[in-house]
$ cat work07.cif   # mmCIF, C-alpha atoms
data_coords
#
loop_
_atom_site.group_PDB
_atom_site.id
_atom_site.type_symbol
_atom_site.label_atom_id
_atom_site.label_comp_id
_atom_site.auth_asym_id
_atom_site.auth_seq_id
_atom_site.Cartn_x
_atom_site.Cartn_y
_atom_site.Cartn_z
ATOM 1 C CA MET A 1 121.392 99.117 127.333
ATOM 2 C CA GLY A 2 121.500 96.657 130.194
ATOM 3 C CA PRO A 3 123.543 93.914 131.851
ATOM 4 C CA THR A 4 124.598 90.832 129.958
ATOM 5 C CA ALA A 5 121.957 88.111 129.458
ATOM 6 C CA CYS A 6 119.021 90.439 130.206
ATOM 7 C CA GLY A 7 117.431 90.008 126.754
ATOM 8 C CA LYS A 8 118.553 93.170 124.909
ATOM 9 C CA SER A 9 119.093 91.579 121.487
ATOM 10 C CA ASN A 10 115.806 89.699 121.473
ATOM 11 C CA LEU A 11 113.936 92.867 122.442
ATOM 12 C CA ALA A 12 115.691 94.936 119.753
ATOM 13 C CA ILE A 13 114.827 92.422 117.020
ATOM 14 C CA LYS A 14 111.159 92.351 118.065
ATOM 15 C CA LEU A 15 110.985 96.162 118.193
ATOM 16 C CA ARG A 16 111.435 96.152 114.407
ATOM 17 C CA ASN A 17 107.814 94.959 114.197
ATOM 18 C CA TYR A 18 106.619 98.177 115.837
ATOM 19 C CA LEU A 19 109.037 100.930 114.813
ATOM 20 C CA PRO A 20 111.017 101.724 111.623
ATOM 21 C CA VAL A 21 114.362 100.965 113.268
ATOM 22 C CA ASP A 22 117.679 99.626 112.004
ATOM 23 C CA ILE A 23 119.920 97.994 114.611
ATOM 24 C CA ILE A 24 123.493 98.988 115.455
ATOM 25 C CA SER A 25 125.453 96.661 117.728
ATOM 26 C CA VAL A 26 127.215 98.252 120.699
ATOM 27 C CA ASP A 27 129.162 95.166 121.706
ATOM 28 C CA SER A 28 132.946 94.844 121.624
ATOM 29 C CA GLY A 29 132.704 91.085 121.031
ATOM 30 C CA LEU A 30 130.226 91.040 118.153
ATOM 31 C CA VAL A 31 132.611 92.973 115.911
ATOM 32 C CA TYR A 32 134.713 89.800 115.481
ATOM 33 C CA ARG A 33 134.138 87.155 112.852
ATOM 34 C CA ASP A 34 134.380 83.567 114.151
ATOM 35 C CA LEU A 35 133.390 84.631 117.678
ATOM 36 C CA ASN A 36 129.771 83.548 117.614
ATOM 37 C CA ILE A 37 128.618 81.209 120.362
ATOM 38 C CA GLY A 38 130.644 82.712 123.199
ATOM 39 C CA THR A 39 129.552 86.275 122.370
ATOM 40 C CA ALA A 40 125.865 85.280 122.177
ATOM 41 C CA LYS A 41 125.870 86.705 118.669
ATOM 42 C CA PRO A 42 122.461 86.656 116.950
ATOM 43 C CA THR A 43 122.120 83.621 114.678
ATOM 44 C CA LYS A 44 122.590 83.869 110.914
ATOM 45 C CA GLN A 45 118.817 83.634 110.511
ATOM 46 C CA GLU A 46 118.276 86.454 113.009
ATOM 47 C CA LEU A 47 120.857 88.631 111.244
ATOM 48 C CA ILE A 48 119.065 88.033 107.937
ATOM 49 C CA GLN A 49 115.752 88.905 109.548
ATOM 50 C CA ALA A 50 117.186 91.902 111.409
ATOM 51 C CA PRO A 51 120.566 93.064 110.049
ATOM 52 C CA HIS A 52 122.925 94.551 112.648
ATOM 53 C CA LYS A 53 125.542 97.136 111.732
ATOM 54 C CA LEU A 54 129.015 96.747 113.336
ATOM 55 C CA VAL A 55 128.747 92.958 113.535
ATOM 56 C CA ASP A 56 131.448 90.752 111.910
ATOM 57 C CA ILE A 57 133.530 93.714 110.772
ATOM 58 C CA LYS A 58 136.892 92.514 112.149
ATOM 59 C CA ASN A 59 138.981 89.361 111.933
ATOM 60 C CA ALA A 60 139.792 87.651 115.217
ATOM 61 C CA GLU A 61 143.461 88.705 115.024
ATOM 62 C CA ASP A 62 142.579 92.415 114.667
ATOM 63 C CA ASN A 63 142.447 94.966 117.448
ATOM 64 C CA TYR A 64 139.387 97.173 117.771
ATOM 65 C CA SER A 65 139.468 100.391 119.750
ATOM 66 C CA ALA A 66 136.814 102.603 121.270
ATOM 67 C CA GLY A 67 137.993 105.350 118.932
ATOM 68 C CA GLU A 68 137.285 103.147 115.908
ATOM 69 C CA PHE A 69 133.844 102.387 117.272
ATOM 70 C CA LYS A 70 133.030 106.082 117.685
ATOM 71 C CA LYS A 71 133.948 106.868 114.073
ATOM 72 C CA GLU A 72 132.099 103.878 112.644
ATOM 73 C CA VAL A 73 128.961 104.226 114.744
ATOM 74 C CA LEU A 74 128.522 107.878 113.761
ATOM 75 C CA ILE A 75 128.729 106.849 110.093
ATOM 76 C CA ALA A 76 126.186 104.065 110.690
ATOM 77 C CA ILE A 77 123.800 106.439 112.490
ATOM 78 C CA SER A 78 124.012 108.945 109.644
ATOM 79 C CA GLU A 79 123.333 106.282 107.009
ATOM 80 C CA ILE A 80 120.258 105.006 108.841
ATOM 81 C CA ILE A 81 118.829 108.499 109.324
ATOM 82 C CA ASN A 82 119.434 109.294 105.644
ATOM 83 C CA ASN A 83 117.359 106.204 104.839
ATOM 84 C CA LYS A 84 114.495 107.664 106.897
ATOM 85 C CA LYS A 85 114.907 105.051 109.637
ATOM 86 C CA ILE A 86 115.611 105.310 113.375
ATOM 87 C CA PRO A 87 118.995 104.044 114.616
ATOM 88 C CA LEU A 88 118.466 101.527 117.427
ATOM 89 C CA LEU A 89 121.690 100.953 119.358
ATOM 90 C CA VAL A 90 121.781 97.760 121.402
ATOM 91 C CA GLY A 91 124.526 96.160 123.480
ATOM 92 C CA GLY A 92 126.268 96.106 126.816
ATOM 93 C CA THR A 93 129.645 97.762 126.179
ATOM 94 C CA MET A 94 129.015 100.757 128.403
ATOM 95 C CA LEU A 95 132.265 102.507 127.526
ATOM 96 C CA TYR A 96 131.162 102.674 123.885
ATOM 97 C CA TYR A 97 127.923 104.435 124.838
ATOM 98 C CA LYS A 98 129.823 106.883 127.028
ATOM 99 C CA ILE A 99 132.283 107.717 124.280
ATOM 100 C CA LEU A 100 129.505 108.107 121.728
ATOM 101 C CA LEU A 101 127.574 110.526 123.936
ATOM 102 C CA GLU A 102 130.481 112.389 125.520
ATOM 103 C CA GLY A 103 133.377 112.031 123.090
ATOM 104 C CA LEU A 104 136.928 110.753 123.279
ATOM 105 C CA THR A 105 140.073 112.773 123.853
ATOM 106 C CA GLU A 106 143.050 112.297 121.547
ATOM 107 C CA LEU A 107 145.453 110.078 123.468
ATOM 108 C CA PRO A 108 149.187 109.410 122.987
ATOM 109 C CA SER A 109 150.138 106.800 120.384
ATOM 110 C CA ALA A 110 150.872 103.256 121.491
ATOM 111 C CA ASP A 111 154.356 102.344 122.695
ATOM 112 C CA ILE A 112 154.848 98.739 121.558
ATOM 113 C CA LYS A 113 157.886 98.149 123.772
ATOM 114 C CA LEU A 114 156.083 99.441 126.870
ATOM 115 C CA ARG A 115 152.951 97.460 125.974
ATOM 116 C CA LYS A 116 154.921 94.204 125.683
ATOM 117 C CA HIS A 117 156.517 94.928 129.058
ATOM 118 C CA PHE A 118 153.088 95.365 130.692
ATOM 119 C CA ILE A 119 151.671 92.206 129.096
ATOM 120 C CA LYS A 120 154.664 90.231 130.339
ATOM 121 C CA GLU A 121 154.261 91.720 133.823
ATOM 122 C CA ALA A 122 150.535 90.863 133.862
ATOM 123 C CA LYS A 123 151.337 87.276 132.949
ATOM 124 C CA ILE A 124 153.819 87.039 135.845
ATOM 125 C CA ILE A 125 151.783 88.680 138.617
ATOM 126 C CA GLY A 126 148.272 87.796 137.384
ATOM 127 C CA LEU A 127 145.432 89.939 136.063
ATOM 128 C CA SER A 128 144.023 90.789 139.495
ATOM 129 C CA CYS A 129 147.326 92.151 140.861
ATOM 130 C CA PHE A 130 148.010 93.922 137.570
ATOM 131 C CA HIS A 131 144.628 95.645 137.790
ATOM 132 C CA LYS A 132 145.467 96.776 141.349
ATOM 133 C CA LYS A 133 148.504 98.558 139.921
ATOM 134 C CA LEU A 134 146.163 100.646 137.759
ATOM 135 C CA LYS A 135 143.871 101.224 140.753
ATOM 136 C CA ILE A 136 146.747 102.875 142.645
ATOM 137 C CA ILE A 137 147.651 105.113 139.692
ATOM 138 C CA ASP A 138 144.204 105.836 138.272
ATOM 139 C CA PRO A 139 141.351 104.595 140.501
ATOM 140 C CA VAL A 140 138.685 106.235 138.311
ATOM 141 C CA SER A 141 139.750 104.287 135.223
ATOM 142 C CA ALA A 142 140.311 101.126 137.275
ATOM 143 C CA ASN A 143 136.720 101.223 138.514
ATOM 144 C CA ARG A 144 135.515 101.429 134.919
ATOM 145 C CA ILE A 145 137.731 98.670 133.535
ATOM 146 C CA HIS A 146 137.134 95.018 134.353
ATOM 147 C CA PRO A 147 140.236 93.276 135.798
ATOM 148 C CA ASN A 148 140.093 90.667 133.003
ATOM 149 C CA ASP A 149 140.150 93.324 130.271
ATOM 150 C CA LEU A 150 143.920 93.227 129.845
ATOM 151 C CA GLN A 151 143.943 95.356 126.695
ATOM 152 C CA ARG A 152 142.239 98.311 128.370
ATOM 153 C CA VAL A 153 144.207 97.996 131.630
ATOM 154 C CA VAL A 154 147.453 98.001 129.638
ATOM 155 C CA ARG A 155 146.301 100.984 127.574
ATOM 156 C CA ALA A 156 145.408 102.994 130.698
ATOM 157 C CA LEU A 157 148.836 102.328 132.228
ATOM 158 C CA GLU A 158 150.536 103.024 128.915
ATOM 159 C CA VAL A 159 148.842 106.427 128.658
ATOM 160 C CA TYR A 160 150.008 107.351 132.157
ATOM 161 C CA PHE A 161 153.641 106.289 131.673
ATOM 162 C CA ILE A 162 153.869 108.069 128.290
ATOM 163 C CA SER A 163 152.074 111.321 129.136
ATOM 164 C CA GLY A 164 152.468 111.588 132.903
ATOM 165 C CA LYS A 165 148.695 112.066 133.161
ATOM 166 C CA THR A 166 146.062 109.484 133.956
ATOM 167 C CA LEU A 167 143.569 108.278 131.368
ATOM 168 C CA SER A 168 140.711 109.696 133.460
ATOM 169 C CA GLU A 169 142.414 113.118 133.556
ATOM 170 C CA LEU A 170 142.872 113.214 129.811
ATOM 171 C CA THR A 171 139.418 111.953 128.955
ATOM 172 C CA ASN A 172 137.832 114.645 131.108
ATOM 173 C CA LYS A 173 139.152 117.279 128.697
ATOM 174 C CA LYS A 174 136.581 116.930 125.950
ATOM 175 C CA ASN A 175 135.248 119.297 123.331
ATOM 176 C CA TYR A 176 132.605 117.137 121.735
ATOM 177 C CA PHE A 177 128.892 117.360 121.090
ATOM 178 C CA PHE A 178 126.775 114.359 120.137
ATOM 179 C CA PRO A 179 124.821 115.693 117.143
ATOM 180 C CA TYR A 180 121.563 113.845 117.844
ATOM 181 C CA GLN A 181 119.010 113.626 120.632
ATOM 182 C CA ALA A 182 118.971 110.152 122.125
ATOM 183 C CA ILE A 183 116.195 108.324 123.942
ATOM 184 C CA GLN A 184 117.929 105.942 126.321
ATOM 185 C CA PHE A 185 116.421 102.741 127.697
ATOM 186 C CA SER A 186 117.950 100.211 130.026
ATOM 187 C CA LEU A 187 116.636 96.735 130.717
ATOM 188 C CA ILE A 188 117.260 95.845 134.331
ATOM 189 C CA PRO A 189 116.579 92.636 136.255
ATOM 190 C CA ARG A 190 113.935 92.794 138.963
ATOM 191 C CA ASN A 191 115.708 89.926 140.718
ATOM 192 C CA ILE A 192 119.507 89.725 140.526
ATOM 193 C CA LEU A 193 119.475 86.059 141.555
ATOM 194 C CA PHE A 194 117.262 85.288 138.558
ATOM 195 C CA LEU A 195 119.796 87.045 136.307
ATOM 196 C CA HIS A 196 122.628 85.043 137.885
ATOM 197 C CA LYS A 197 120.788 81.805 137.131
ATOM 198 C CA LYS A 198 120.099 82.973 133.591
ATOM 199 C CA ILE A 199 123.810 83.716 133.129
ATOM 200 C CA GLU A 200 124.712 80.213 134.322
ATOM 201 C CA ASN A 201 122.109 78.550 132.098
ATOM 202 C CA ARG A 202 123.193 80.594 129.086
ATOM 203 C CA PHE A 203 126.823 79.592 129.457
ATOM 204 C CA ARG A 204 125.916 75.921 129.808
ATOM 205 C CA ASP A 205 123.756 76.271 126.684
ATOM 206 C CA MET A 206 126.794 77.742 124.893
ATOM 207 C CA LEU A 207 128.774 74.638 125.816
ATOM 208 C CA ASP A 208 125.986 72.447 124.427
ATOM 209 C CA LEU A 209 126.016 74.478 121.201
ATOM 210 C CA GLY A 210 129.720 73.730 120.671
ATOM 211 C CA PHE A 211 131.547 76.616 122.324
ATOM 212 C CA GLN A 212 134.598 74.464 123.012
ATOM 213 C CA LYS A 213 134.961 73.582 119.324
ATOM 214 C CA GLU A 214 134.582 77.240 118.398
ATOM 215 C CA VAL A 215 137.496 78.171 120.654
ATOM 216 C CA GLU A 216 139.534 75.150 119.516
ATOM 217 C CA HIS A 217 139.421 76.500 115.948
ATOM 218 C CA LEU A 218 140.731 79.832 117.238
ATOM 219 C CA PHE A 219 143.272 78.102 119.500
ATOM 220 C CA ASN A 220 144.808 76.345 116.487
ATOM 221 C CA ARG A 221 145.374 79.597 114.608
ATOM 222 C CA LYS A 222 148.996 80.734 114.841
ATOM 223 C CA ASN A 223 148.124 84.440 114.790
ATOM 224 C CA LEU A 224 146.119 84.328 118.036
ATOM 225 C CA ASN A 225 147.080 83.969 121.683
ATOM 226 C CA VAL A 226 145.517 84.471 125.100
ATOM 227 C CA ASN A 227 146.407 88.204 125.025
ATOM 228 C CA SER A 228 144.754 88.843 121.658
ATOM 229 C CA CYS A 229 142.007 91.452 121.880
ATOM 230 C CA SER A 230 139.365 88.994 120.661
ATOM 231 C CA ILE A 231 140.409 86.157 122.989
ATOM 232 C CA ASN A 232 140.870 88.262 126.102
ATOM 233 C CA ARG A 233 137.168 88.297 126.882
ATOM 234 C CA ILE A 234 134.951 86.363 129.234
ATOM 235 C CA GLY A 235 134.427 82.740 128.258
ATOM 236 C CA TYR A 236 137.074 82.728 125.544
ATOM 237 C CA PHE A 237 139.813 83.593 128.023
ATOM 238 C CA GLN A 238 138.791 80.815 130.420
ATOM 239 C CA MET A 239 138.277 78.243 127.645
ATOM 240 C CA TRP A 240 141.708 79.142 126.242
ATOM 241 C CA LYS A 241 143.265 78.472 129.657
ATOM 242 C CA PHE A 242 141.505 75.086 129.747
ATOM 243 C CA LEU A 243 142.764 74.182 126.260
ATOM 244 C CA SER A 244 146.257 75.264 127.332
ATOM 245 C CA GLY A 245 146.074 72.829 130.253
ATOM 246 C CA ASN A 246 146.205 75.575 132.887
ATOM 247 C CA ILE A 247 142.798 74.923 134.485
ATOM 248 C CA SER A 248 140.327 72.049 134.654
ATOM 249 C CA TYR A 249 137.108 71.880 132.652
ATOM 250 C CA LYS A 250 135.098 72.361 135.846
ATOM 251 C CA ASP A 251 137.155 75.422 136.807
ATOM 252 C CA MET A 252 136.717 76.816 133.290
ATOM 253 C CA ILE A 253 132.946 76.670 133.705
ATOM 254 C CA GLU A 254 132.939 78.138 137.208
ATOM 255 C CA GLN A 255 135.374 80.924 136.327
ATOM 256 C CA SER A 256 133.421 81.854 133.184
ATOM 257 C CA ILE A 257 130.111 82.042 135.038
ATOM 258 C CA THR A 258 131.644 84.010 137.937
ATOM 259 C CA ALA A 259 133.335 86.473 135.562
ATOM 260 C CA THR A 260 130.073 86.982 133.642
ATOM 261 C CA ARG A 261 128.206 87.704 136.872
ATOM 262 C CA GLN A 262 130.916 90.198 137.818
ATOM 263 C CA LEU A 263 130.537 91.825 134.400
ATOM 264 C CA ALA A 264 126.768 92.149 134.949
ATOM 265 C CA LYS A 265 127.426 93.790 138.330
ATOM 266 C CA HIS A 266 129.921 96.135 136.678
ATOM 267 C CA GLN A 267 127.383 97.079 133.988
ATOM 268 C CA MET A 268 124.706 97.693 136.614
ATOM 269 C CA THR A 269 127.095 99.994 138.478
ATOM 270 C CA TRP A 270 127.550 102.043 135.298
ATOM 271 C CA LEU A 271 123.798 102.188 134.727
ATOM 272 C CA LYS A 272 122.997 103.347 138.262
ATOM 273 C CA LYS A 273 125.069 106.464 137.554
ATOM 274 C CA TRP A 274 123.756 106.947 134.004
ATOM 275 C CA ARG A 275 121.900 110.151 133.191
ATOM 276 C CA ASN A 276 118.660 110.542 131.234
ATOM 277 C CA VAL A 277 117.827 106.851 131.009
ATOM 278 C CA HIS A 278 114.463 105.096 131.242
ATOM 279 C CA TYR A 279 114.769 101.936 133.327
ATOM 280 C CA ILE A 280 112.571 99.005 132.296
ATOM 281 C CA TYR A 281 112.262 95.739 134.187
ATOM 282 C CA ASN A 282 112.838 92.806 131.865
ATOM 283 C CA ASP A 283 109.842 90.846 133.164
ATOM 284 C CA SER A 284 108.632 90.065 129.636
ATOM 285 C CA THR A 285 109.456 91.205 126.110
ATOM 286 C CA ASP A 286 105.853 92.261 125.445
ATOM 287 C CA LEU A 287 105.698 94.449 128.557
ATOM 288 C CA SER A 288 109.090 95.978 127.731
ATOM 289 C CA ILE A 289 107.960 96.799 124.198
ATOM 290 C CA LYS A 290 104.735 98.354 125.493
ATOM 291 C CA LYS A 291 106.681 100.585 127.901
ATOM 292 C CA ILE A 292 109.188 101.624 125.232
ATOM 293 C CA LEU A 293 106.414 102.506 122.768
ATOM 294 C CA GLU A 294 104.659 104.614 125.415
ATOM 295 C CA ILE A 295 107.829 106.569 126.122
ATOM 296 C CA PHE A 296 108.662 106.854 122.428
ATOM 297 C CA LYS A 297 105.156 108.197 121.707
ATOM 298 C CA TYR A 298 105.676 110.881 124.361
ATOM 299 C CA TYR A 299 108.958 112.028 122.798
ATOM 300 C CA ASN A 300 107.508 111.845 119.295
ATOM 301 C CA SER A 301 104.551 114.031 120.284
ATOM 302 C CA ASN A 302 107.031 116.579 121.605
ATOM 303 C CA THR A 303 108.497 117.053 118.107
ATOM 304 C CA ILE A 304 111.995 115.659 118.446
ATOM 305 C CA PHE A 305 111.266 113.451 115.423
#
$ encode --input "work07.cif" --output "structure tokens"
Amino acid sequence: MGPTACGKSNLAIKLRNYLPVDIISVDSGLVYRDLNIGTAKPTKQELIQAPHKLVDIKNAEDNYSAGEFKKEVLIAISEIINNKKIPLLVGGTMLYYKILLEGLTELPSADIKLRKHFIKEAKIIGLSCFHKKLKIIDPVSANRIHPNDLQRVVRALEVYFISGKTLSELTNKKNYFFPYQAIQFSLIPRNILFLHKKIENRFRDMLDLGFQKEVEHLFNRKNLNVNSCSINRIGYFQMWKFLSGNISYKDMIEQSITATRQLAKHQMTWLKKWRNVHYIYNDSTDLSIKKILEIFKYYNSNTIF
């Protein structure tokens, strides 16, 4: 685990040289085909070298829920263990980890009419004000959901207006047991300003790699819009607004970098409250690997494997 741009994917790929691991992506963006540059998806060569499960499993026009992730990741874990390998989960979608470890309550079915009403309202009042509406109703869920994540904000409000109970109330009523023992690691930055600079440099590198063209191809598809689950994510959302003529190119860059830094802060907030996790400074990949192997050796000697 760890905040965006801290080097999780690179570390996971290199760990395959030391441990018999198969990688499972825990990233809500990597599930989508055609979303490559802006999601920092491993390159085709890297995916050949180190295959990732749960990457490129959905078309850009599809929705993908946390419930779907939970079902599919448990299948992937089982398959890897049956092949005598160790599942190595890597990614920054903290909600997915939480649901995997703690479960997910059955929630009321979607109300399309209500959902359309909320999306229209969000467009009128803006994402920030719309998120504040959720904060009044369900502050616990609001603190977990990024203001730009329209799909999840809408779903949280939808659950409340259908059931009369908040999403946080319902998800506290769980009867679920994760059937495996997990060793949890989190890469963390020693210097937050260094991470901020890395985030800025990475986004500018994405632009150099052709991120605008990637989004233009999506923009020209009739079955996608700014509220689509795949598009309503950092970078894609801002680039879409630029292509729509709503913001300048400069503002697109600044807003994307700012939103990514806010995401990193949000992820760090989750991780500070996380239980049973080994924190590792991301000073260098070699040092991180050494620390992970030391901890893994300790667990292995205590017969959990």
$ resolve_selection --input "work07.cif" --expression "the PyMOL selection byres ((chain A and resi 49-63) around 10)" --output "PyMOL selection string"
chain A and resi 12-14+16+21-36+41-48+64-65+68-69+72-73+76-77+80+87-90+151+218+221-225+228-231
$ closest_residue --input "work07.cif" --among "A:Ile37, A:Leu157, A:Ile136, A:Phe178" --to "Leu104 of chain A" --atoms "only C-alpha atoms"
A:Phe178
$ axis_aligned_box --input "work07.cif" --around "segment 117-121 of chain A" --padding-each-side "4 Å" --output "lines of an AutoDock Vina configuration file"
center_x = 154.1
center_y = 92.8
center_z = 131.4
size_x = 12.8
size_y = 13.1
size_z = 12.8
$ residues_around --input "work07.cif" --residues "Glu169 of chain A" --least-positions-apart "3" --cutoff "12 Å" --atoms "all atoms listed in the file" --output "number ranges by chain"
A: 104-105, 107, 137-141, 156, 159-160, 163-166, 172-174
$ residues_around --input "work07.cif" --residues "Tyr176 of chain A" --least-positions-apart "5" --cutoff "12 Å" --atoms "only C-alpha atoms" --output "PDB file with C-alpha atoms, keeping the file's coordinate frame"
ATOM      1  CA  LYS A  70     133.030 106.082 117.685  1.00  0.00           C
ATOM      2  CA  LYS A  98     129.823 106.883 127.028  1.00  0.00           C
ATOM      3  CA  ILE A  99     132.283 107.717 124.280  1.00  0.00           C
ATOM      4  CA  LEU A 100     129.505 108.107 121.728  1.00  0.00           C
ATOM      5  CA  LEU A 101     127.574 110.526 123.936  1.00  0.00           C
ATOM      6  CA  GLU A 102     130.481 112.389 125.520  1.00  0.00           C
ATOM      7  CA  GLY A 103     133.377 112.031 123.090  1.00  0.00           C
ATOM      8  CA  LEU A 104     136.928 110.753 123.279  1.00  0.00           C
ATOM      9  CA  THR A 105     140.073 112.773 123.853  1.00  0.00           C
ATOM     10  CA  GLU A 106     143.050 112.297 121.547  1.00  0.00           C
ATOM     11  CA  THR A 171     139.418 111.953 128.955  1.00  0.00           C
TER      12      THR A 171
END
$ resolve_selection --input "work07.cif" --expression "the PyMOL selection byres ((chain A and resi 258) around 12)" --output "list in words"
Asn148, His196, Lys197, Ile199, Glu200, Phe203, Ile234, Gly235, Gln238, Asp251, Met252, Ile253, Glu254, Gln255, Ser256, Ile257, Ala259, Thr260, Arg261, Gln262, Leu263, Ala264 and Lys265 of chain A
$ resolve_selection --input "work07.cif" --expression "the PyMOL selection byres ((chain A and resi 275-282) around 12)" --output "PyMOL selection string"
chain A and resi 1-3+5-8+10-11+97-98+101-102+181-192+194-195+268+270-274+283-296
$ atom_distance --input "work07.cif" --atom1 "atom CA of His131 of chain A" --atom2 "atom CA of Arg155 of chain A"
11.6 Å
$ residues_near_point --input "work07.cif" --point "(140.2, 90.1, 136.0)" --cutoff "6 Å" --atoms "all atoms listed in the file" --output "mmCIF file with C-alpha atoms, keeping the file's coordinate frame"
data_model
loop_
_atom_site.group_PDB
_atom_site.id
_atom_site.type_symbol
_atom_site.label_atom_id
_atom_site.label_comp_id
_atom_site.auth_asym_id
_atom_site.auth_seq_id
_atom_site.Cartn_x
_atom_site.Cartn_y
_atom_site.Cartn_z
ATOM 1 C CA LEU A 127 145.432 89.939 136.063
ATOM 2 C CA SER A 128 144.023 90.789 139.495
ATOM 3 C CA PRO A 147 140.236 93.276 135.798
ATOM 4 C CA ASN A 148 140.093 90.667 133.003
#
$ atom_distance --input "work07.cif" --atom1 "atom CA of His217 of chain A" --atom2 "atom CA of Leu150 of chain A"
22.2 Å
$ residues_around --input "work07.cif" --residues "Lys213 of chain A" --least-positions-apart "2" --cutoff "12 Å" --atoms "only C-alpha atoms" --output "PyMOL selection string"
chain A and resi 34-38+206-211+215-220+236+239-240+243
$ atom_distance --input "work07.cif" --atom1 "atom CA of Phe161 of chain A" --atom2 "atom CA of Leu114 of chain A"
8.7 Å
$ residues_near_point --input "work07.cif" --point "(148.2, 93.2, 136.7)" --cutoff "10 Å" --atoms "only C-alpha atoms" --output "PyMOL selection string"
chain A and resi 118-135+147-148+150+153-154
$ closest_residue --input "work07.cif" --among "A:Ile86, A:Ala110, A:Ala40, A:Ile75" --to "Tyr18 of chain A" --atoms "all atoms listed in the file"
A:Ile86
$ closest_residue --input "work07.cif" --among "A:Ile81, A:Arg152, A:Arg144, A:Ile162" --to "Lys113 of chain A" --atoms "all atoms listed in the file"
A:Ile162
$ closest_residue --input "work07.cif" --among "A:Gln212, A:Asn300, A:Thr269, A:Asn143" --to "Leu19 of chain A" --atoms "only C-alpha atoms"
A:Asn300
$ decode --input "work07.cif" --residues "segment 96-113 of chain A" --atoms "C-alpha atoms" --output "tab-separated table (two decimals), in the first residue's frame"
chain	number	residue	atom	x	y	z
A	96	TYR	CA	-10.63	-1.94	-1.80
A	97	TYR	CA	-8.17	-3.11	0.86
A	98	LYS	CA	-10.65	-2.26	3.61
A	99	ILE	CA	-13.44	-4.17	1.93
A	100	LEU	CA	-11.19	-7.15	1.27
A	101	LEU	CA	-10.09	-7.35	4.90
A	102	GLU	CA	-13.34	-6.36	6.60
A	103	GLY	CA	-16.10	-7.23	4.14
A	104	LEU	CA	-18.93	-5.36	2.48
A	105	THR	CA	-22.54	-5.17	3.61
A	106	GLU	CA	-25.31	-5.85	1.11
A	107	LEU	CA	-26.61	-2.43	0.11
A	108	PRO	CA	-29.88	-1.38	-1.56
A	109	SER	CA	-30.04	-1.65	-5.36
A	110	ALA	CA	-29.37	1.42	-7.47
A	111	ASP	CA	-32.19	3.85	-8.20
A	112	ILE	CA	-31.45	5.14	-11.71
A	113	LYS	CA	-33.90	8.05	-11.47
